$ cat final_23.pdb   # PDB, C-alpha atoms
ATOM      1  CA  MET A 846     -19.743  51.854 -39.071
ATOM      2  CA  PHE A 847     -21.815  53.739 -41.622
ATOM      3  CA  GLY A 848     -23.853  50.749 -42.905
ATOM      4  CA  LEU A 849     -27.482  51.755 -43.208
ATOM      5  CA  ARG A 850     -26.727  55.468 -42.988
ATOM      6  CA  LEU A 851     -25.331  55.214 -46.532
ATOM      7  CA  LEU A 852     -28.867  54.571 -47.732
ATOM      8  CA  LEU A 853     -30.716  57.198 -45.705
ATOM      9  CA  HIS A 854     -31.461  60.737 -46.833
ATOM     10  CA  PRO A 855     -31.232  62.817 -43.650
ATOM     11  CA  LYS A 856     -33.854  65.439 -42.919
ATOM     12  CA  GLY A 857     -32.428  68.874 -43.653
ATOM     13  CA  LEU A 858     -30.081  67.737 -46.438
ATOM     14  CA  LYS A 859     -30.533  69.585 -49.726
ATOM     15  CA  ASP A 860     -30.014  67.712 -52.994
ATOM     16  CA  LEU A 861     -28.153  69.626 -55.684
ATOM     17  CA  HIS A 862     -27.906  68.276 -59.211
ATOM     18  CA  PRO A 863     -24.636  69.022 -61.043
ATOM     19  CA  GLU A 864     -25.829  72.166 -62.816
ATOM     20  CA  GLU A 865     -27.411  73.457 -59.593
ATOM     21  CA  LEU A 866     -24.195  72.924 -57.647
ATOM     22  CA  LEU A 867     -22.236  74.760 -60.331
ATOM     23  CA  GLN A 868     -24.662  77.706 -60.085
ATOM     24  CA  VAL A 869     -24.407  77.771 -56.277
ATOM     25  CA  MET A 870     -20.601  77.615 -56.494
ATOM     26  CA  GLN A 871     -20.593  80.635 -58.798
ATOM     27  CA  ALA A 872     -23.104  82.628 -56.734
ATOM     28  CA  GLN A 873     -22.105  81.796 -53.140
ATOM     29  CA  SER A 874     -18.492  82.690 -52.377
ATOM     30  CA  GLY A 875     -18.585  81.229 -48.852
ATOM     31  CA  LEU A 876     -19.630  77.757 -50.005
ATOM     32  CA  LYS A 877     -17.233  74.990 -48.938
ATOM     33  CA  ILE A 878     -17.074  71.932 -51.166
ATOM     34  CA  VAL A 879     -16.143  68.871 -49.092
ATOM     35  CA  ASP A 880     -15.165  65.673 -50.896
ATOM     36  CA  VAL A 881     -15.735  62.621 -48.691
ATOM     37  CA  ARG A 882     -14.263  60.050 -51.085
ATOM     38  CA  ARG A 883     -11.091  58.073 -50.352
ATOM     39  CA  PRO A 884      -7.767  59.794 -51.160
ATOM     40  CA  GLN A 885      -7.237  57.602 -54.240
ATOM     41  CA  GLU A 886     -10.619  58.625 -55.649
ATOM     42  CA  TYR A 887      -9.963  62.301 -54.916
ATOM     43  CA  ALA A 888      -6.579  62.093 -56.684
ATOM     44  CA  ARG A 889      -8.212  60.741 -59.869
ATOM     45  CA  GLY A 890     -10.233  63.942 -60.236
ATOM     46  CA  HIS A 891     -12.200  66.344 -58.065
ATOM     47  CA  ILE A 892     -14.015  69.661 -58.190
ATOM     48  CA  ALA A 893     -11.554  72.549 -58.002
ATOM     49  CA  GLY A 894     -11.280  73.923 -54.480
ATOM     50  CA  ALA A 895     -12.820  70.846 -52.857
ATOM     51  CA  VAL A 896     -11.552  70.038 -49.370
ATOM     52  CA  PRO A 897     -10.687  66.339 -48.999
ATOM     53  CA  ALA A 898     -12.286  64.847 -45.871
ATOM     54  CA  PRO A 899     -12.822  61.108 -46.354
ATOM     55  CA  LEU A 900     -15.898  59.603 -44.753
ATOM     56  CA  GLY A 901     -15.010  58.679 -41.198
ATOM     57  CA  THR A 902     -12.817  61.779 -40.800
ATOM     58  CA  THR A 903     -15.309  64.400 -41.954
ATOM     59  CA  SER A 904     -16.633  65.431 -38.546
ATOM     60  CA  GLN A 905     -13.083  65.739 -37.170
ATOM     61  CA  ARG A 906     -11.835  67.798 -40.121
ATOM     62  CA  LEU A 907     -14.793  70.180 -40.025
ATOM     63  CA  GLY A 908     -15.232  70.242 -36.242
ATOM     64  CA  ASP A 909     -13.848  73.764 -35.838
ATOM     65  CA  TRP A 910     -15.811  75.290 -38.709
ATOM     66  CA  PRO A 911     -18.638  77.722 -37.880
ATOM     67  CA  ARG A 912     -21.929  75.835 -37.845
ATOM     68  CA  ASP A 913     -23.506  78.240 -40.351
ATOM     69  CA  THR A 914     -20.849  77.509 -43.006
ATOM     70  CA  PRO A 915     -22.600  76.501 -46.238
ATOM     71  CA  ILE A 916     -21.290  73.040 -47.126
ATOM     72  CA  ALA A 917     -21.780  70.935 -50.252
ATOM     73  CA  LEU A 918     -20.705  67.313 -49.796
ATOM     74  CA  ILE A 919     -19.348  65.261 -52.687
ATOM     75  CA  CYS A 920     -18.738  61.528 -53.116
ATOM     76  CA  LEU A 921     -18.765  59.113 -56.030
ATOM     77  CA  SER A 922     -22.500  58.372 -56.259
ATOM     78  CA  GLY A 923     -24.227  60.376 -53.517
ATOM     79  CA  HIS A 924     -24.461  57.725 -50.799
ATOM     80  CA  ARG A 925     -21.371  58.509 -48.706
ATOM     81  CA  SER A 926     -22.180  62.212 -48.858
ATOM     82  CA  GLN A 927     -25.554  61.445 -47.255
ATOM     83  CA  ALA A 928     -23.807  59.558 -44.440
ATOM     84  CA  ALA A 929     -21.432  62.499 -43.914
ATOM     85  CA  ALA A 930     -24.408  64.882 -43.942
ATOM     86  CA  THR A 931     -26.031  62.900 -41.141
ATOM     87  CA  GLU A 932     -22.951  63.492 -38.997
ATOM     88  CA  LEU A 933     -22.677  67.203 -39.846
ATOM     89  CA  LEU A 934     -26.362  67.881 -39.255
ATOM     90  CA  ARG A 935     -26.090  66.070 -35.929
ATOM     91  CA  MET A 936     -23.134  68.356 -35.059
ATOM     92  CA  GLY A 937     -25.331  71.418 -35.662
ATOM     93  CA  PHE A 938     -24.354  72.442 -39.189
ATOM     94  CA  SER A 939     -27.378  74.203 -40.635
ATOM     95  CA  ASP A 940     -26.618  74.662 -44.354
ATOM     96  CA  VAL A 941     -25.715  71.232 -45.747
ATOM     97  CA  SER A 942     -26.267  70.030 -49.286
ATOM     98  CA  HIS A 943     -24.837  67.239 -51.398
ATOM     99  CA  LEU A 944     -24.217  66.501 -55.046
ATOM    100  CA  ALA A 945     -27.049  64.172 -56.036
ATOM    101  CA  GLY A 946     -25.531  61.401 -58.121
ATOM    102  CA  GLY A 947     -22.055  62.374 -56.959
ATOM    103  CA  MET A 948     -19.020  62.715 -59.172
ATOM    104  CA  LEU A 949     -20.504  60.159 -61.556
ATOM    105  CA  ALA A 950     -23.285  62.646 -62.387
ATOM    106  CA  TRP A 951     -20.800  65.562 -62.483
ATOM    107  CA  HIS A 952     -18.611  63.667 -64.956
ATOM    108  CA  ARG A 953     -21.597  62.609 -67.122
ATOM    109  CA  LYS A 954     -22.455  66.303 -67.547
ATOM    110  CA  GLY A 955     -18.903  67.049 -68.675
ATOM    111  CA  LEU A 956     -18.339  69.564 -65.897
ATOM    112  CA  PRO A 957     -14.774  70.586 -64.957
ATOM    113  CA  MET A 958     -12.561  68.520 -62.691
ATOM    114  CA  THR A 959      -8.990  68.936 -61.591
ATOM    115  CA  ARG A 960      -6.298  66.546 -60.338
TER     116      ARG A 960
END
$ encode --input "final_23.pdb" --output "structure tokens"
Amino acid sequence: MFGLRLLLHPKGLKDLHPEELLQVMQAQSGLKIVDVRRPQEYARGHIAGAVPAPLGTTSQRLGDWPRDTPIALICLSGHRSQAAATELLRMGFSDVSHLAGGMLAWHRKGLPMTR
């Protein structure tokens, strides 16, 4: 279903490196962190406050959210978050970013996770 979209960087998607995402999280109280990994991956460790919305369910779970909600998408490596971003941007969301390098990059930097 998501095939090639996993490899595409959609126009309008902002890349945030781990330290940048942490800064945005601290500065922007309305930011919603959306984790598009599978439930098993989410359970192994996620960013505190992240909303689980596995790829394939993301547009349904966020369908009622205001389209100007700032959203940062998270996955393991950054590919699934790009696919989810494609869907959200197509739905009219205007402030979409993703964690470049995903949770692998977050973990490499030693940033906090919760279970």
$ resolve_selection --input "final_23.pdb" --expression "the PyMOL selection byres ((chain A and resi 915) around 8)" --output "CSV table (one decimal) with C-alpha atoms, in the frame of the given file"
chain,number,residue,atom,x,y,z
A,875,GLY,CA,-18.6,81.2,-48.9
A,876,LEU,CA,-19.6,77.8,-50.0
A,877,LYS,CA,-17.2,75.0,-48.9
A,913,ASP,CA,-23.5,78.2,-40.4
A,914,THR,CA,-20.8,77.5,-43.0
A,916,ILE,CA,-21.3,73.0,-47.1
A,917,ALA,CA,-21.8,70.9,-50.3
A,939,SER,CA,-27.4,74.2,-40.6
A,940,ASP,CA,-26.6,74.7,-44.4
A,941,VAL,CA,-25.7,71.2,-45.7
$ resolve_selection --input "final_23.pdb" --expression "the PyMOL selection byres ((chain A and resi 884-896) around 10)" --output "compact mmCIF listing (two decimals) with C-alpha atoms, in the frame of the given file"
# COMPACT_ATOMS: atom_id res chain seq x y z
CA LEU A 867 -22.24 74.76 -60.33
CA LYS A 877 -17.23 74.99 -48.94
CA ILE A 878 -17.07 71.93 -51.17
CA VAL A 879 -16.14 68.87 -49.09
CA ASP A 880 -15.16 65.67 -50.90
CA VAL A 881 -15.74 62.62 -48.69
CA ARG A 882 -14.26 60.05 -51.08
CA ARG A 883 -11.09 58.07 -50.35
CA PRO A 897 -10.69 66.34 -49.00
CA ALA A 898 -12.29 64.85 -45.87
CA PRO A 899 -12.82 61.11 -46.35
CA ARG A 906 -11.84 67.80 -40.12
CA LEU A 907 -14.79 70.18 -40.02
CA ALA A 917 -21.78 70.94 -50.25
CA LEU A 918 -20.70 67.31 -49.80
CA ILE A 919 -19.35 65.26 -52.69
CA CYS A 920 -18.74 61.53 -53.12
CA LEU A 921 -18.76 59.11 -56.03
CA MET A 948 -19.02 62.72 -59.17
CA TRP A 951 -20.80 65.56 -62.48
CA HIS A 952 -18.61 63.67 -64.96
CA LEU A 956 -18.34 69.56 -65.90
CA PRO A 957 -14.77 70.59 -64.96
CA MET A 958 -12.56 68.52 -62.69
CA THR A 959 -8.99 68.94 -61.59
CA ARG A 960 -6.30 66.55 -60.34
$ atom_distance --input "final_23.pdb" --atom1 "atom CA of Phe938 of chain A" --atom2 "atom CA of Gly923 of chain A"
18.7 Å
$ atom_distance --input "final_23.pdb" --atom1 "atom CA of Gly937 of chain A" --atom2 "atom CA of Lys856 of chain A"
12.7 Å
$ atom_distance --input "final_23.pdb" --atom1 "atom CA of Glu865 of chain A" --atom2 "atom CA of Gln927 of chain A"
17.3 Å
$ closest_residue --input "final_23.pdb" --among "A:Ser874, A:Leu861, A:Gly901, A:Gln868" --to "Leu933 of chain A" --atoms "all atoms listed in the file"
A:Gly901
$ closest_residue --input "final_23.pdb" --among "A:Ala872, A:Trp910, A:Pro855, A:His924" --to "Ala945 of chain A" --atoms "only C-alpha atoms"
A:His924
$ closest_residue --input "final_23.pdb" --among "A:Thr903, A:Gly955, A:Ser922, A:Leu949" --to "Leu934 of chain A" --atoms "all atoms listed in the file"
A:Thr903
$ closest_residue --input "final_23.pdb" --among "A:Asp860, A:Gly908, A:Lys954, A:Gln873" --to "Ser942 of chain A" --atoms "all atoms listed in the file"
A:Asp860
$ axis_aligned_box --input "final_23.pdb" --around "segment 874-890 of chain A" --padding-each-side "3 Å" --output "lines of an AutoDock Vina configuration file"
center_x = -13.1
center_y = 70.1
center_z = -54.5
size_x = 19.1
size_y = 31.1
size_z = 17.5
$ decode --input "final_23.pdb" --residues "chain A" --atoms "C-alpha atoms" --output "mmCIF file, in the first residue's frame"
data_model
loop_
_atom_site.group_PDB
_atom_site.id
_atom_site.type_symbol
_atom_site.label_atom_id
_atom_site.label_comp_id
_atom_site.auth_asym_id
_atom_site.auth_seq_id
_atom_site.Cartn_x
_atom_site.Cartn_y
_atom_site.Cartn_z
ATOM 1 C CA MET A 846 0.000 0.000 0.000
ATOM 2 C CA PHE A 847 2.706 2.473 0.955
ATOM 3 C CA GLY A 848 5.501 1.014 -1.237
ATOM 4 C CA LEU A 849 7.308 3.832 -2.987
ATOM 5 C CA ARG A 850 5.865 6.503 -0.709
ATOM 6 C CA LEU A 851 8.197 5.191 2.013
ATOM 7 C CA LEU A 852 11.102 6.510 -0.029
ATOM 8 C CA LEU A 853 9.696 9.896 -1.024
ATOM 9 C CA HIS A 854 10.162 13.131 0.890
ATOM 10 C CA PRO A 855 6.892 15.017 0.381
ATOM 11 C CA LYS A 856 6.952 18.708 -0.432
ATOM 12 C CA GLY A 857 6.041 20.688 2.669
ATOM 13 C CA LEU A 858 7.478 18.188 5.167
ATOM 14 C CA LYS A 859 10.008 19.663 7.586
ATOM 15 C CA ASP A 860 12.930 17.525 8.748
ATOM 16 C CA LEU A 861 13.801 17.826 12.424
ATOM 17 C CA HIS A 862 16.949 16.247 13.811
ATOM 18 C CA PRO A 863 16.685 14.879 17.369
ATOM 19 C CA GLU A 864 18.005 17.977 19.133
ATOM 20 C CA GLU A 865 15.786 20.220 16.988
ATOM 21 C CA LEU A 866 12.696 18.174 17.814
ATOM 22 C CA LEU A 867 13.533 18.356 21.513
ATOM 23 C CA GLN A 868 13.824 22.162 21.258
ATOM 24 C CA VAL A 869 10.500 22.425 19.401
ATOM 25 C CA MET A 870 8.837 20.163 21.984
ATOM 26 C CA GLN A 871 10.037 22.443 24.776
ATOM 27 C CA ALA A 872 9.078 25.675 22.994
ATOM 28 C CA GLN A 873 5.779 24.765 21.293
ATOM 29 C CA SER A 874 3.141 23.568 23.752
ATOM 30 C CA GLY A 875 0.590 22.738 21.036
ATOM 31 C CA LEU A 876 2.899 20.341 19.193
ATOM 32 C CA LYS A 877 1.482 16.822 18.809
ATOM 33 C CA ILE A 878 3.995 14.000 18.563
ATOM 34 C CA VAL A 879 2.533 11.144 16.503
ATOM 35 C CA ASP A 880 4.319 7.791 16.505
ATOM 36 C CA VAL A 881 3.487 5.788 13.374
ATOM 37 C CA ARG A 882 5.374 2.625 14.345
ATOM 38 C CA ARG A 883 3.664 -0.702 15.062
ATOM 39 C CA PRO A 884 2.285 -1.200 18.600
ATOM 40 C CA GLN A 885 5.120 -3.590 19.505
ATOM 41 C CA GLU A 886 7.726 -0.997 18.527
ATOM 42 C CA TYR A 887 5.912 1.745 20.442
ATOM 43 C CA ALA A 888 5.765 -0.468 23.556
ATOM 44 C CA ARG A 889 9.557 -0.974 23.499
ATOM 45 C CA GLY A 890 10.099 2.760 23.977
ATOM 46 C CA HIS A 891 8.684 6.038 22.710
ATOM 47 C CA ILE A 892 8.895 9.776 23.254
ATOM 48 C CA ALA A 893 6.831 10.815 26.270
ATOM 49 C CA GLY A 894 3.424 12.123 25.247
ATOM 50 C CA ALA A 895 3.564 10.585 21.770
ATOM 51 C CA VAL A 896 0.216 9.535 20.319
ATOM 52 C CA PRO A 897 0.361 6.031 18.812
ATOM 53 C CA ALA A 898 -1.106 5.975 15.289
ATOM 54 C CA PRO A 899 0.454 3.136 13.287
ATOM 55 C CA LEU A 900 0.997 3.747 9.596
ATOM 56 C CA GLY A 901 -2.193 2.819 7.794
ATOM 57 C CA THR A 902 -4.349 4.201 10.625
ATOM 58 C CA THR A 903 -2.778 7.645 10.919
ATOM 59 C CA SER A 904 -5.218 9.547 8.714
ATOM 60 C CA GLN A 905 -8.196 7.958 10.500
ATOM 61 C CA ARG A 906 -6.839 8.695 13.982
ATOM 62 C CA LEU A 907 -6.025 12.315 13.165
ATOM 63 C CA GLY A 908 -8.984 12.958 10.855
ATOM 64 C CA ASP A 909 -10.847 15.140 13.357
ATOM 65 C CA TRP A 910 -7.841 17.226 14.375
ATOM 66 C CA PRO A 911 -7.716 20.882 13.275
ATOM 67 C CA ARG A 912 -5.667 21.151 10.093
ATOM 68 C CA ASP A 913 -3.368 23.783 11.621
ATOM 69 C CA THR A 914 -2.288 21.459 14.463
ATOM 70 C CA PRO A 915 1.519 21.300 14.528
ATOM 71 C CA ILE A 916 2.440 17.629 14.121
ATOM 72 C CA ALA A 917 5.797 15.872 14.413
ATOM 73 C CA LEU A 918 5.749 12.323 13.039
ATOM 74 C CA ILE A 919 7.984 9.607 14.467
ATOM 75 C CA CYS A 920 8.931 6.142 13.205
ATOM 76 C CA LEU A 921 11.957 3.892 13.533
ATOM 77 C CA SER A 922 14.172 5.331 10.782
ATOM 78 C CA GLY A 923 12.256 8.200 9.163
ATOM 79 C CA HIS A 924 10.733 6.389 6.185
ATOM 80 C CA ARG A 925 7.269 5.515 7.518
ATOM 81 C CA SER A 926 6.912 9.012 8.946
ATOM 82 C CA GLN A 927 7.424 10.399 5.430
ATOM 83 C CA ALA A 928 4.658 8.129 4.114
ATOM 84 C CA ALA A 929 2.342 9.290 6.917
ATOM 85 C CA ALA A 930 3.268 12.909 6.155
ATOM 86 C CA THR A 931 2.203 12.431 2.543
ATOM 87 C CA GLU A 932 -1.254 11.409 3.745
ATOM 88 C CA LEU A 933 -1.565 14.246 6.278
ATOM 89 C CA LEU A 934 -0.399 16.907 3.839
ATOM 90 C CA ARG A 935 -2.880 15.566 1.298
ATOM 91 C CA MET A 936 -5.614 15.895 3.969
ATOM 92 C CA GLY A 937 -4.755 19.590 4.386
ATOM 93 C CA PHE A 938 -2.535 19.569 7.470
ATOM 94 C CA SER A 939 -0.251 22.569 7.128
ATOM 95 C CA ASP A 940 2.372 22.183 9.883
ATOM 96 C CA VAL A 941 3.908 18.718 9.494
ATOM 97 C CA SER A 942 7.425 17.704 10.428
ATOM 98 C CA HIS A 943 9.149 14.408 11.105
ATOM 99 C CA LEU A 944 12.067 13.117 13.118
ATOM 100 C CA ALA A 945 14.851 12.671 10.574
ATOM 101 C CA GLY A 946 16.504 9.345 11.306
ATOM 102 C CA GLY A 947 13.581 8.328 13.498
ATOM 103 C CA MET A 948 13.848 6.721 16.899
ATOM 104 C CA LEU A 949 17.185 5.211 15.895
ATOM 105 C CA ALA A 950 18.661 8.734 15.752
ATOM 106 C CA TRP A 951 16.817 9.757 18.951
ATOM 107 C CA HIS A 952 18.253 6.747 20.789
ATOM 108 C CA ARG A 953 21.792 7.330 19.425
ATOM 109 C CA LYS A 954 21.691 10.820 20.964
ATOM 110 C CA GLY A 955 20.698 9.361 24.330
ATOM 111 C CA LEU A 956 17.497 11.384 24.485
ATOM 112 C CA PRO A 957 14.704 10.337 26.881
ATOM 113 C CA MET A 958 12.210 7.609 26.082
ATOM 114 C CA THR A 959 9.425 6.073 28.086
ATOM 115 C CA ARG A 960 7.617 2.719 27.991
#
